[in-house]
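Next comes query.csv, a file with CSV, N, CA and C atoms.
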chain,number,residue,atom,x,y,z
A,1,MET,N,0.8,-1.2,0.0
A,1,MET,CA,0.0,0.0,0.0
A,1,MET,C,0.9,1.2,0.0
A,2,PRO,N,0.6,2.2,-0.8
A,2,PRO,CA,1.3,3.5,-0.8
A,2,PRO,C,1.2,4.2,0.6
A,3,ASN,N,2.2,4.9,0.9
A,3,ASN,CA,2.3,5.6,2.2
A,3,ASN,C,2.4,7.1,1.9
A,4,LEU,N,1.7,7.9,2.8
A,4,LEU,CA,1.7,9.3,2.7
A,4,LEU,C,2.4,9.9,4.0
A,5,SER,N,3.3,10.7,3.8
A,5,SER,CA,4.0,11.4,4.9
A,5,SER,C,3.5,12.9,4.9
A,6,LEU,N,3.0,13.3,6.0
A,6,LEU,CA,2.4,14.7,6.0
A,6,LEU,C,3.1,15.5,7.1
A,7,PRO,N,3.8,16.4,6.7
A,7,PRO,CA,4.5,17.3,7.8
A,7,PRO,C,3.4,18.2,8.4
A,8,TYR,N,3.6,18.5,9.6
A,8,TYR,CA,2.7,19.5,10.3
A,8,TYR,C,3.5,20.3,11.2
A,9,PRO,N,3.1,21.6,11.5
A,9,PRO,CA,3.9,22.5,12.3
A,9,PRO,C,3.9,22.0,13.8
A,10,GLN,N,4.9,22.3,14.4
A,10,GLN,CA,5.1,22.0,15.8
A,10,GLN,C,4.0,22.7,16.6
A,11,ASP,N,3.5,23.9,16.2
A,11,ASP,CA,2.5,24.6,16.8
A,11,ASP,C,1.2,23.8,16.9
A,12,LEU,N,0.9,23.0,15.9
A,12,LEU,CA,-0.3,22.2,15.9
A,12,LEU,C,-0.2,21.1,17.0
A,13,LEU,N,1.0,20.6,17.2
A,13,LEU,CA,1.2,19.6,18.2
A,13,LEU,C,1.0,20.3,19.6
A,14,ILE,N,1.6,21.4,19.8
A,14,ILE,CA,1.5,22.1,21.0
A,14,ILE,C,0.1,22.5,21.4
A,15,THR,N,-0.6,23.1,20.4
A,15,THR,CA,-2.0,23.6,20.7
A,15,THR,C,-3.0,22.5,20.9
A,16,SER,N,-2.7,21.3,20.3
A,16,SER,CA,-3.6,20.2,20.4
A,16,SER,C,-3.5,19.6,21.8
A,17,GLY,N,-2.3,19.7,22.4
A,17,GLY,CA,-2.1,19.1,23.8
A,17,GLY,C,-2.0,17.6,23.7
A,18,LYS,N,-1.8,17.1,22.5
A,18,LYS,CA,-1.7,15.6,22.3
A,18,LYS,C,-0.3,15.2,22.1
A,19,SER,N,-0.1,13.9,22.3
A,19,SER,CA,1.2,13.3,21.9
A,19,SER,C,1.3,13.2,20.4
A,20,PRO,N,2.5,13.1,19.8
A,20,PRO,CA,2.6,13.0,18.4
A,20,PRO,C,1.7,11.9,17.8
A,21,GLU,N,1.8,10.7,18.5
A,21,GLU,CA,1.0,9.6,18.1
A,21,GLU,C,-0.5,9.8,18.1
A,22,ASP,N,-1.0,10.5,19.2
A,22,ASP,CA,-2.4,10.8,19.3
A,22,ASP,C,-2.9,11.8,18.3
A,23,LEU,N,-2.0,12.8,18.0
A,23,LEU,CA,-2.4,13.8,17.0
A,23,LEU,C,-2.4,13.1,15.6
A,24,GLU,N,-1.5,12.3,15.3
A,24,GLU,CA,-1.4,11.6,14.0
A,24,GLU,C,-2.6,10.7,13.8
A,25,THR,N,-3.0,10.0,14.9
A,25,THR,CA,-4.2,9.2,14.9
A,25,THR,C,-5.5,10.0,14.6
A,26,GLU,N,-5.5,11.2,15.2
A,26,GLU,CA,-6.7,12.1,15.0
A,26,GLU,C,-6.7,12.6,13.6
A,27,LEU,N,-5.5,13.0,13.1
A,27,LEU,CA,-5.5,13.5,11.7
A,27,LEU,C,-5.8,12.5,10.7
A,28,LEU,N,-5.4,11.3,10.9
A,28,LEU,CA,-5.8,10.1,10.0
A,28,LEU,C,-7.3,9.9,10.1
A,29,PHE,N,-7.9,10.0,11.3
A,29,PHE,CA,-9.4,9.8,11.4
A,29,PHE,C,-10.1,11.0,10.7
A,30,LEU,N,-9.6,12.2,10.9
A,30,LEU,CA,-10.3,13.3,10.2
A,30,LEU,C,-10.2,13.2,8.7
A,31,LEU,N,-9.1,12.7,8.2
A,31,LEU,CA,-9.0,12.5,6.7
A,31,LEU,C,-9.9,11.5,6.3
A,32,ALA,N,-10.0,10.4,7.0
A,32,ALA,CA,-11.0,9.3,6.7
A,32,ALA,C,-12.4,9.8,6.7
A,33,VAL,N,-12.8,10.7,7.6
A,33,VAL,CA,-14.1,11.2,7.7
A,33,VAL,C,-14.4,12.1,6.5
A,34,LYS,N,-13.5,12.9,6.1
A,34,LYS,CA,-13.7,13.8,5.0
A,34,LYS,C,-13.8,13.0,3.7
A,35,LEU,N,-13.0,12.0,3.5
A,35,LEU,CA,-13.1,11.1,2.3
A,35,LEU,C,-14.4,10.4,2.3
A,36,PHE,N,-14.9,10.0,3.5
A,36,PHE,CA,-16.2,9.3,3.5
A,36,PHE,C,-17.3,10.3,3.1
A,37,GLU,N,-17.2,11.6,3.7
A,37,GLU,CA,-18.2,12.6,3.3
A,37,GLU,C,-18.2,12.9,1.8
A,38,LEU,N,-17.1,12.9,1.2
A,38,LEU,CA,-17.0,13.1,-0.2
A,38,LEU,C,-17.3,11.9,-1.1
A,39,ARG,N,-17.6,10.8,-0.4
A,39,ARG,CA,-17.9,9.6,-1.1
A,39,ARG,C,-16.8,9.0,-1.8
A,40,ARG,N,-15.6,9.3,-1.4
A,40,ARG,CA,-14.4,8.7,-2.0
A,40,ARG,C,-14.1,7.4,-1.3
A,41,LEU,N,-14.5,7.2,-0.1
A,41,LEU,CA,-14.4,5.9,0.6
A,41,LEU,C,-15.7,5.5,1.2
A,42,SER,N,-16.0,4.2,1.1
A,42,SER,CA,-17.2,3.7,1.8
A,42,SER,C,-17.0,3.7,3.3
A,43,LEU,N,-18.0,3.4,4.0
A,43,LEU,CA,-17.9,3.4,5.5
A,43,LEU,C,-16.9,2.4,6.0
A,44,GLY,N,-16.9,1.2,5.4
A,44,GLY,CA,-16.0,0.2,5.8
A,44,GLY,C,-14.5,0.5,5.4
A,45,LYS,N,-14.3,1.1,4.2
A,45,LYS,CA,-13.0,1.5,3.8
A,45,LYS,C,-12.5,2.7,4.6
A,46,ALA,N,-13.4,3.6,4.9
A,46,ALA,CA,-12.9,4.7,5.8
A,46,ALA,C,-12.5,4.3,7.1
A,47,ALA,N,-13.2,3.3,7.7
A,47,ALA,CA,-12.9,2.8,9.0
A,47,ALA,C,-11.5,2.1,8.9
A,48,GLU,N,-11.4,1.3,7.9
A,48,GLU,CA,-10.1,0.6,7.7
A,48,GLU,C,-8.9,1.5,7.5
A,49,PHE,N,-9.2,2.6,6.8
A,49,PHE,CA,-8.2,3.6,6.5
A,49,PHE,C,-7.6,4.2,7.8
A,50,CYS,N,-8.5,4.5,8.7
A,50,CYS,CA,-8.0,5.1,10.0
A,50,CYS,C,-7.8,4.1,11.1
A,51,ARG,N,-7.7,2.8,10.7
A,51,ARG,CA,-7.4,1.7,11.6
A,51,ARG,C,-8.4,1.5,12.8
A,52,MET,N,-9.7,1.7,12.4
A,52,MET,CA,-10.8,1.4,13.3
A,52,MET,C,-11.7,0.3,12.8
A,53,ASN,N,-12.4,-0.3,13.7
A,53,ASN,CA,-13.4,-1.3,13.1
A,53,ASN,C,-14.6,-0.4,12.7
A,54,LYS,N,-15.5,-1.0,11.9
A,54,LYS,CA,-16.6,-0.2,11.4
A,54,LYS,C,-17.5,0.3,12.4
A,55,LEU,N,-17.8,-0.4,13.5
A,55,LEU,CA,-18.7,0.0,14.5
A,55,LEU,C,-18.1,1.2,15.3
A,56,GLN,N,-16.9,1.1,15.6
A,56,GLN,CA,-16.2,2.2,16.3
A,56,GLN,C,-16.2,3.5,15.4
A,57,PHE,N,-15.9,3.3,14.1
A,57,PHE,CA,-15.9,4.5,13.2
A,57,PHE,C,-17.3,5.1,13.1
A,58,MET,N,-18.4,4.3,13.0
A,58,MET,CA,-19.7,4.8,13.0
A,58,MET,C,-20.1,5.6,14.3
A,59,PHE,N,-19.6,5.1,15.4
A,59,PHE,CA,-19.9,5.8,16.6
A,59,PHE,C,-19.2,7.1,16.6
A,60,GLU,N,-17.9,7.1,16.2
A,60,GLU,CA,-17.1,8.4,16.2
A,60,GLU,C,-17.7,9.4,15.3
A,61,ILE,N,-18.1,9.0,14.1
A,61,ILE,CA,-18.7,10.0,13.2
A,61,ILE,C,-20.0,10.5,13.6
A,62,GLY,N,-20.7,9.6,14.3
A,62,GLY,CA,-22.0,10.0,14.9
A,62,GLY,C,-21.8,11.1,16.0
A,63,ARG,N,-20.8,10.9,16.7
A,63,ARG,CA,-20.5,12.0,17.8
A,63,ARG,C,-20.2,13.3,17.1
A,64,LEU,N,-19.7,13.3,15.9
A,64,LEU,CA,-19.4,14.5,15.1
A,64,LEU,C,-20.7,15.0,14.4
A,65,GLN,N,-21.8,14.3,14.5
A,65,GLN,CA,-23.1,14.6,13.9
A,65,GLN,C,-23.0,14.5,12.4
A,66,ILE,N,-22.2,13.5,11.9
A,66,ILE,CA,-22.1,13.2,10.5
A,66,ILE,C,-22.9,12.0,10.2
A,67,PRO,N,-23.8,12.1,9.3
A,67,PRO,CA,-24.7,10.9,9.0
A,67,PRO,C,-23.9,9.7,8.6
A,68,VAL,N,-24.3,8.6,9.2
A,68,VAL,CA,-23.6,7.3,8.9
A,68,VAL,C,-24.0,6.8,7.5
A,69,ILE,N,-25.3,7.0,7.2
A,69,ILE,CA,-25.8,6.7,5.8
A,69,ILE,C,-25.5,7.8,4.9
A,70,ASN,N,-24.7,7.5,3.9
A,70,ASN,CA,-24.2,8.6,3.0
A,70,ASN,C,-24.6,8.3,1.6
A,71,LEU,N,-25.9,8.4,1.4
A,71,LEU,CA,-26.5,8.1,0.1
A,71,LEU,C,-26.9,9.4,-0.7
A,72,ASP,N,-26.7,9.4,-2.0
A,72,ASP,CA,-27.2,10.6,-2.7
A,72,ASP,C,-28.7,10.4,-3.1
A,73,GLU,N,-29.3,11.3,-3.7
A,73,GLU,CA,-30.8,11.3,-3.9
A,73,GLU,C,-31.2,10.1,-4.8
A,74,GLU,N,-30.4,9.8,-5.8
A,74,GLU,CA,-30.7,8.6,-6.7
A,74,GLU,C,-30.6,7.3,-5.9
A,75,GLN,N,-29.6,7.2,-5.0
A,75,GLN,CA,-29.5,6.0,-4.2
A,75,GLN,C,-30.7,5.8,-3.3
A,76,ILE,N,-31.1,6.9,-2.7
A,76,ILE,CA,-32.2,6.9,-1.8
A,76,ILE,C,-33.5,6.5,-2.5
A,77,THR,N,-33.7,7.0,-3.7
A,77,THR,CA,-34.9,6.7,-4.5
A,77,THR,C,-34.8,5.2,-4.9
A,78,ASP,N,-33.6,4.7,-5.2
A,78,ASP,CA,-33.5,3.3,-5.5
A,78,ASP,C,-33.9,2.4,-4.3
A,79,GLU,N,-33.4,2.8,-3.1
A,79,GLU,CA,-33.7,2.1,-1.9
A,79,GLU,C,-35.1,2.1,-1.5
A,80,LEU,N,-35.8,3.2,-1.8
A,80,LEU,CA,-37.2,3.4,-1.4
A,80,LEU,C,-38.2,3.0,-2.6
A,81,GLY,N,-37.6,2.5,-3.7
A,81,GLY,CA,-38.3,2.2,-5.0
A,81,GLY,C,-39.6,1.5,-4.8
A,82,ASP,N,-40.3,1.4,-5.9
A,82,ASP,CA,-41.7,0.8,-5.9
A,82,ASP,C,-41.5,-0.7,-6.0
A,83,ASP,N,-41.6,-1.4,-4.8
A,83,ASP,CA,-41.5,-2.8,-4.8
A,83,ASP,C,-42.8,-3.5,-4.6
Starting from the file, give its structure as C-alpha coordinates.
Amino acid sequence: MPNLSLPYPQDLLITSGKSPEDLETELLFLLAVKLFELRRLSLGKAAEFCRMNKLQFMFEIGRLQIPVINLDEEQITDELGDD
(Lines of atoms letter the chains of each structure in order from A and count residues from 1; the text may use other names and numbers.)
(Lines give C-alpha, C1' and ligand atoms only; values in the text may rest on other atoms or scores of the structure.)
Protein backbone atom coordinates (compact mmCIF):
# COMPACT_ATOMS: atom_id res chain seq x y z
CA MET A 1 0.00 0.00 0.00
CA PRO A 2 1.33 3.48 -0.81
CA ASN A 3 2.32 5.60 2.15
CA LEU A 4 1.71 9.33 2.74
CA SER A 5 3.97 11.42 4.91
CA LEU A 6 2.38 14.65 6.05
CA PRO A 7 4.47 17.29 7.75
CA TYR A 8 2.68 19.46 10.30
CA PRO A 9 3.86 22.46 12.29
CA GLN A 10 5.08 22.03 15.84
CA ASP A 11 2.46 24.63 16.83
CA LEU A 12 -0.30 22.17 15.92
CA LEU A 13 1.21 19.61 18.23
CA ILE A 14 1.53 22.13 21.05
CA THR A 15 -1.97 23.61 20.70
CA SER A 16 -3.58 20.18 20.44
CA GLY A 17 -2.06 19.12 23.76
CA LYS A 18 -1.70 15.62 22.34
CA SER A 19 1.23 13.31 21.94
CA PRO A 20 2.57 13.03 18.38
CA GLU A 21 1.01 9.56 18.09
CA ASP A 22 -2.42 10.76 19.30
CA LEU A 23 -2.35 13.77 17.00
CA GLU A 24 -1.43 11.62 14.01
CA THR A 25 -4.24 9.19 14.87
CA GLU A 26 -6.68 12.10 15.02
CA LEU A 27 -5.45 13.55 11.71
CA LEU A 28 -5.80 10.15 10.04
CA PHE A 29 -9.35 9.84 11.41
CA LEU A 30 -10.30 13.33 10.20
CA LEU A 31 -8.97 12.55 6.74
CA ALA A 32 -10.98 9.32 6.66
CA VAL A 33 -14.10 11.23 7.72
CA LYS A 34 -13.67 13.79 4.96
CA LEU A 35 -13.05 11.12 2.33
CA PHE A 36 -16.20 9.35 3.54
CA GLU A 37 -18.21 12.59 3.34
CA LEU A 38 -16.95 13.15 -0.21
CA ARG A 39 -17.94 9.56 -1.08
CA ARG A 40 -14.36 8.71 -1.96
CA LEU A 41 -14.38 5.91 0.64
CA SER A 42 -17.19 3.66 1.80
CA LEU A 43 -17.94 3.41 5.50
CA GLY A 44 -15.96 0.19 5.80
CA LYS A 45 -13.00 1.46 3.80
CA ALA A 46 -12.93 4.73 5.77
CA ALA A 47 -12.89 2.76 9.02
CA GLU A 48 -10.11 0.55 7.70
CA PHE A 49 -8.18 3.62 6.48
CA CYS A 50 -8.01 5.08 9.99
CA ARG A 51 -7.43 1.68 11.63
CA MET A 52 -10.82 1.41 13.34
CA ASN A 53 -13.43 -1.26 13.14
CA LYS A 54 -16.63 -0.25 11.36
CA LEU A 55 -18.73 0.03 14.53
CA GLN A 56 -16.16 2.24 16.26
CA PHE A 57 -15.94 4.49 13.16
CA MET A 58 -19.74 4.76 12.99
CA PHE A 59 -19.86 5.76 16.65
CA GLU A 60 -17.13 8.38 16.24
CA ILE A 61 -18.66 10.02 13.16
CA GLY A 62 -22.03 9.98 14.90
CA ARG A 63 -20.47 11.96 17.75
CA LEU A 64 -19.44 14.52 15.11
CA GLN A 65 -23.07 14.55 13.89
CA ILE A 66 -22.07 13.21 10.49
CA PRO A 67 -24.71 10.92 8.98
CA VAL A 68 -23.61 7.31 8.88
CA ILE A 69 -25.76 6.66 5.84
CA ASN A 70 -24.16 8.59 3.02
CA LEU A 71 -26.51 8.14 0.06
CA ASP A 72 -27.22 10.58 -2.73
CA GLU A 73 -30.79 11.27 -3.92
CA GLU A 74 -30.68 8.64 -6.65
CA GLN A 75 -29.49 5.96 -4.23
CA ILE A 76 -32.24 6.89 -1.76
CA THR A 77 -34.85 6.69 -4.53
CA ASP A 78 -33.51 3.26 -5.50
CA GLU A 79 -33.67 2.08 -1.88
CA LEU A 80 -37.24 3.36 -1.45
CA GLY A 81 -38.31 2.24 -4.95
CA ASP A 82 -41.66 0.78 -5.89
CA ASP A 83 -41.47 -2.83 -4.75
If you run DSSP over the backbone, which residues in stretch 4-71 of chain A end up alpha helix (DSSP H)? Put them as a PDB file with N, CA and C atoms, in the coordinates of the input.
ATOM      1  N   GLN A  10       4.900  22.300  14.400  1.00  0.00           N
ATOM      2  CA  GLN A  10       5.100  22.000  15.800  1.00  0.00           C
ATOM      3  C   GLN A  10       4.000  22.700  16.600  1.00  0.00           C
ATOM      4  N   ASP A  11       3.500  23.900  16.200  1.00  0.00           N
ATOM      5  CA  ASP A  11       2.500  24.600  16.800  1.00  0.00           C
ATOM      6  C   ASP A  11       1.200  23.800  16.900  1.00  0.00           C
ATOM      7  N   LEU A  12       0.900  23.000  15.900  1.00  0.00           N
ATOM      8  CA  LEU A  12      -0.300  22.200  15.900  1.00  0.00           C
ATOM      9  C   LEU A  12      -0.200  21.100  17.000  1.00  0.00           C
ATOM     10  N   LEU A  13       1.000  20.600  17.200  1.00  0.00           N
ATOM     11  CA  LEU A  13       1.200  19.600  18.200  1.00  0.00           C
ATOM     12  C   LEU A  13       1.000  20.300  19.600  1.00  0.00           C
ATOM     13  N   ILE A  14       1.600  21.400  19.800  1.00  0.00           N
ATOM     14  CA  ILE A  14       1.500  22.100  21.000  1.00  0.00           C
ATOM     15  C   ILE A  14       0.100  22.500  21.400  1.00  0.00           C
ATOM     16  N   THR A  15      -0.600  23.100  20.400  1.00  0.00           N
ATOM     17  CA  THR A  15      -2.000  23.600  20.700  1.00  0.00           C
ATOM     18  C   THR A  15      -3.000  22.500  20.900  1.00  0.00           C
ATOM     19  N   SER A  16      -2.700  21.300  20.300  1.00  0.00           N
ATOM     20  CA  SER A  16      -3.600  20.200  20.400  1.00  0.00           C
ATOM     21  C   SER A  16      -3.500  19.600  21.800  1.00  0.00           C
ATOM     22  N   PRO A  20       2.500  13.100  19.800  1.00  0.00           N
ATOM     23  CA  PRO A  20       2.600  13.000  18.400  1.00  0.00           C
ATOM     24  C   PRO A  20       1.700  11.900  17.800  1.00  0.00           C
ATOM     25  N   GLU A  21       1.800  10.700  18.500  1.00  0.00           N
ATOM     26  CA  GLU A  21       1.000   9.600  18.100  1.00  0.00           C
ATOM     27  C   GLU A  21      -0.500   9.800  18.100  1.00  0.00           C
ATOM     28  N   ASP A  22      -1.000  10.500  19.200  1.00  0.00           N
ATOM     29  CA  ASP A  22      -2.400  10.800  19.300  1.00  0.00           C
ATOM     30  C   ASP A  22      -2.900  11.800  18.300  1.00  0.00           C
ATOM     31  N   LEU A  23      -2.000  12.800  18.000  1.00  0.00           N
ATOM     32  CA  LEU A  23      -2.400  13.800  17.000  1.00  0.00           C
ATOM     33  C   LEU A  23      -2.400  13.100  15.600  1.00  0.00           C
ATOM     34  N   GLU A  24      -1.500  12.300  15.300  1.00  0.00           N
ATOM     35  CA  GLU A  24      -1.400  11.600  14.000  1.00  0.00           C
ATOM     36  C   GLU A  24      -2.600  10.700  13.800  1.00  0.00           C
ATOM     37  N   THR A  25      -3.000  10.000  14.900  1.00  0.00           N
ATOM     38  CA  THR A  25      -4.200   9.200  14.900  1.00  0.00           C
ATOM     39  C   THR A  25      -5.500  10.000  14.600  1.00  0.00           C
ATOM     40  N   GLU A  26      -5.500  11.200  15.200  1.00  0.00           N
ATOM     41  CA  GLU A  26      -6.700  12.100  15.000  1.00  0.00           C
ATOM     42  C   GLU A  26      -6.700  12.600  13.600  1.00  0.00           C
ATOM     43  N   LEU A  27      -5.500  13.000  13.100  1.00  0.00           N
ATOM     44  CA  LEU A  27      -5.500  13.500  11.700  1.00  0.00           C
ATOM     45  C   LEU A  27      -5.800  12.500  10.700  1.00  0.00           C
ATOM     46  N   LEU A  28      -5.400  11.300  10.900  1.00  0.00           N
ATOM     47  CA  LEU A  28      -5.800  10.100  10.000  1.00  0.00           C
ATOM     48  C   LEU A  28      -7.300   9.900  10.100  1.00  0.00           C
ATOM     49  N   PHE A  29      -7.900  10.000  11.300  1.00  0.00           N
ATOM     50  CA  PHE A  29      -9.400   9.800  11.400  1.00  0.00           C
ATOM     51  C   PHE A  29     -10.100  11.000  10.700  1.00  0.00           C
ATOM     52  N   LEU A  30      -9.600  12.200  10.900  1.00  0.00           N
ATOM     53  CA  LEU A  30     -10.300  13.300  10.200  1.00  0.00           C
ATOM     54  C   LEU A  30     -10.200  13.200   8.700  1.00  0.00           C
ATOM     55  N   LEU A  31      -9.100  12.700   8.200  1.00  0.00           N
ATOM     56  CA  LEU A  31      -9.000  12.500   6.700  1.00  0.00           C
ATOM     57  C   LEU A  31      -9.900  11.500   6.300  1.00  0.00           C
ATOM     58  N   ALA A  32     -10.000  10.400   7.000  1.00  0.00           N
ATOM     59  CA  ALA A  32     -11.000   9.300   6.700  1.00  0.00           C
ATOM     60  C   ALA A  32     -12.400   9.800   6.700  1.00  0.00           C
ATOM     61  N   VAL A  33     -12.800  10.700   7.600  1.00  0.00           N
ATOM     62  CA  VAL A  33     -14.100  11.200   7.700  1.00  0.00           C
ATOM     63  C   VAL A  33     -14.400  12.100   6.500  1.00  0.00           C
ATOM     64  N   LYS A  34     -13.500  12.900   6.100  1.00  0.00           N
ATOM     65  CA  LYS A  34     -13.700  13.800   5.000  1.00  0.00           C
ATOM     66  C   LYS A  34     -13.800  13.000   3.700  1.00  0.00           C
ATOM     67  N   LEU A  35     -13.000  12.000   3.500  1.00  0.00           N
ATOM     68  CA  LEU A  35     -13.100  11.100   2.300  1.00  0.00           C
ATOM     69  C   LEU A  35     -14.400  10.400   2.300  1.00  0.00           C
ATOM     70  N   PHE A  36     -14.900  10.000   3.500  1.00  0.00           N
ATOM     71  CA  PHE A  36     -16.200   9.300   3.500  1.00  0.00           C
ATOM     72  C   PHE A  36     -17.300  10.300   3.100  1.00  0.00           C
ATOM     73  N   GLU A  37     -17.200  11.600   3.700  1.00  0.00           N
ATOM     74  CA  GLU A  37     -18.200  12.600   3.300  1.00  0.00           C
ATOM     75  C   GLU A  37     -18.200  12.900   1.800  1.00  0.00           C
ATOM     76  N   LEU A  43     -18.000   3.400   4.000  1.00  0.00           N
ATOM     77  CA  LEU A  43     -17.900   3.400   5.500  1.00  0.00           C
ATOM     78  C   LEU A  43     -16.900   2.400   6.000  1.00  0.00           C
ATOM     79  N   GLY A  44     -16.900   1.200   5.400  1.00  0.00           N
ATOM     80  CA  GLY A  44     -16.000   0.200   5.800  1.00  0.00           C
ATOM     81  C   GLY A  44     -14.500   0.500   5.400  1.00  0.00           C
ATOM     82  N   LYS A  45     -14.300   1.100   4.200  1.00  0.00           N
ATOM     83  CA  LYS A  45     -13.000   1.500   3.800  1.00  0.00           C
ATOM     84  C   LYS A  45     -12.500   2.700   4.600  1.00  0.00           C
ATOM     85  N   ALA A  46     -13.400   3.600   4.900  1.00  0.00           N
ATOM     86  CA  ALA A  46     -12.900   4.700   5.800  1.00  0.00           C
ATOM     87  C   ALA A  46     -12.500   4.300   7.100  1.00  0.00           C
ATOM     88  N   ALA A  47     -13.200   3.300   7.700  1.00  0.00           N
ATOM     89  CA  ALA A  47     -12.900   2.800   9.000  1.00  0.00           C
ATOM     90  C   ALA A  47     -11.500   2.100   8.900  1.00  0.00           C
ATOM     91  N   GLU A  48     -11.400   1.300   7.900  1.00  0.00           N
ATOM     92  CA  GLU A  48     -10.100   0.600   7.700  1.00  0.00           C
ATOM     93  C   GLU A  48      -8.900   1.500   7.500  1.00  0.00           C
ATOM     94  N   PHE A  49      -9.200   2.600   6.800  1.00  0.00           N
ATOM     95  CA  PHE A  49      -8.200   3.600   6.500  1.00  0.00           C
ATOM     96  C   PHE A  49      -7.600   4.200   7.800  1.00  0.00           C
ATOM     97  N   LYS A  54     -15.500  -1.000  11.900  1.00  0.00           N
ATOM     98  CA  LYS A  54     -16.600  -0.200  11.400  1.00  0.00           C
ATOM     99  C   LYS A  54     -17.500   0.300  12.400  1.00  0.00           C
ATOM    100  N   LEU A  55     -17.800  -0.400  13.500  1.00  0.00           N
ATOM    101  CA  LEU A  55     -18.700   0.000  14.500  1.00  0.00           C
ATOM    102  C   LEU A  55     -18.100   1.200  15.300  1.00  0.00           C
ATOM    103  N   GLN A  56     -16.900   1.100  15.600  1.00  0.00           N
ATOM    104  CA  GLN A  56     -16.200   2.200  16.300  1.00  0.00           C
ATOM    105  C   GLN A  56     -16.200   3.500  15.400  1.00  0.00           C
ATOM    106  N   PHE A  57     -15.900   3.300  14.100  1.00  0.00           N
ATOM    107  CA  PHE A  57     -15.900   4.500  13.200  1.00  0.00           C
ATOM    108  C   PHE A  57     -17.300   5.100  13.100  1.00  0.00           C
ATOM    109  N   MET A  58     -18.400   4.300  13.000  1.00  0.00           N
ATOM    110  CA  MET A  58     -19.700   4.800  13.000  1.00  0.00           C
ATOM    111  C   MET A  58     -20.100   5.600  14.300  1.00  0.00           C
ATOM    112  N   PHE A  59     -19.600   5.100  15.400  1.00  0.00           N
ATOM    113  CA  PHE A  59     -19.900   5.800  16.600  1.00  0.00           C
ATOM    114  C   PHE A  59     -19.200   7.100  16.600  1.00  0.00           C
ATOM    115  N   GLU A  60     -17.900   7.100  16.200  1.00  0.00           N
ATOM    116  CA  GLU A  60     -17.100   8.400  16.200  1.00  0.00           C
ATOM    117  C   GLU A  60     -17.700   9.400  15.300  1.00  0.00           C
ATOM    118  N   ILE A  61     -18.100   9.000  14.100  1.00  0.00           N
ATOM    119  CA  ILE A  61     -18.700  10.000  13.200  1.00  0.00           C
ATOM    120  C   ILE A  61     -20.000  10.500  13.600  1.00  0.00           C
ATOM    121  N   GLY A  62     -20.700   9.600  14.300  1.00  0.00           N
ATOM    122  CA  GLY A  62     -22.000  10.000  14.900  1.00  0.00           C
ATOM    123  C   GLY A  62     -21.800  11.100  16.000  1.00  0.00           C
ATOM    124  N   ARG A  63     -20.800  10.900  16.700  1.00  0.00           N
ATOM    125  CA  ARG A  63     -20.500  12.000  17.800  1.00  0.00           C
ATOM    126  C   ARG A  63     -20.200  13.300  17.100  1.00  0.00           C
TER     127      ARG A  63
END
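Using only C-alpha atoms for every distance, the candidate list A:Pro7, A:Gly17, A:Pro2, A:Pro67 yields A:Pro67 as the residue closest to A:Glu37.
Atom pair atom N of A:Leu13 / atom N of A:Gly44 has a distance of 28.9 Å (rounded to one decimal).
Neighbours of stretch 39-42 of chain A closer than or equal to 12 Å, with only C-alpha atoms counted and sequence neighbours fewer than 3 positions away skipped, come out as A:Leu31, A:Ala32, A:Val33, A:Lys34, A:Leu35, A:Phe36, A:Lys45, A:Ala46, A:Ala47, A:Glu48, A:Phe49, A:Cys50, A:Lys54, A:Phe57, A:Met58, A:Val68, A:Ile69, A:Asn70, A:Leu71, A:Asp72.
Across the model, the gap from atom CA of A:Gly62 to atom CA of A:Thr15 is 24.9 Å.
Atom CA of A:Asp22 is found 18.4 Å from atom C of A:Asn3.
Comparing A:Glu24, A:Phe29, A:Glu74, A:Gly81 by their smallest distance to A:Ile61, the closest is A:Phe29 (using only C-alpha atoms).
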